[in-house]
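S.K.: Would you mind keeping the following structure in view while I ask a few things?
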Amino acid sequence: MSSAFRLSIGSYVAAIAVGAFAATAYLSVNSANPQSLADYISAICTKSFRSAPAAEAPYLAENVSAMTKMMIDIGIRPSGDADTDFVAMMVPHHQGAIEMAQAELRYGRNEPLRRMAQEIIVTQLQEITAMRSSLGQPLPPSLPSPDQISNAPSNDSKSSNSPQLVGER
């Protein structure tokens, strides 16, 4: 994957995150009936999904949940240390990317995108580890490799009780 493509995707995600945060801050200050941040972010994220097919609902719900959690967790109380605050905001941002990539692995069928999602999980976990290590903070828990298990529903005759390997269809 080219660095220009990664930068493009990263810029897009960052713009959405900043826009959602700014809109939330504006509405909280200027609204007669302020909503909770979680309600507002969820409303922003789900508005454009109303016309989506019902079959896509679980995937979209996971993404809305990941984005909502990310935006709430990014809203930190400043510590007075720019490095600590940077890590405190970047870790939820990276975790949101991981959760969105996991949803792609569960529901996506495009193999190049699934491989990209696996790479996102690995690199974002590495970056979280590097940032926390730089500050002497506890490291994230170990997780299975992103290509080991998928919870996507299977449409074939295999047992629904056994985990599905990502490559199995």
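If you're wondering about the labels, chains in the structure tokens are A, B, ... by order shown, residues count from 1 in each chain, ligands from 1 in order shown.
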Any idea what's packed within 10 Å of region 129-140 of chain A, counting only C-alpha atoms, ignoring anything in its chain fewer than 3 positions away? Could you give it as a ChimeraX atom specification?

M.R.: /A:83-84,86-88,90-91,123-126,143

S.K.: Would you kindly return, as a list of chain:residue names, each protein, DNA or RNA residue with an atom no farther than 7 Å from any atom of Met70 (chain A), considering only C-alpha atoms and excluding same-chain residues fewer than 6 positions away?

M.R.: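 Once the nearby chain positions are removed, what remains is A:Pro92, A:His93, A:Gly96.
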
S.K.: Would you mind reading off the distance between CA of Ser142 (chain A) and CA of Glu127 (chain A), one decimal, in Å?

M.R.: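 Spanning CA of Ser142 (chain A) to CA of Glu127 (chain A) is a straight-line distance of 13.8 Å.
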
S.K.: Quick one: residues within 12 Å of Glu56 (chain A), only C-alpha atoms counted, chain neighbours fewer than 2 positions away excluded, as a VMD selection string?

M.R.: chain A and resid 49 to 54 58 to 63 103 to 104 106 to 108 152

S.K.: DSSP on the backbone: which residues in region 40-125 of chain A end up as helix (DSSP H, G or I)? Give the answer as a ChimeraX atom specification.

M.R.: /A:40-47,54-74,82-107,111-125

S.K.: Quick check, in Å to one decimal: how far apart do CA of Lys69 (chain A) and CA of Arg109 (chain A) lie?

M.R.: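 CA of Arg109 (chain A) lies 25.3 Å from CA of Lys69 (chain A).
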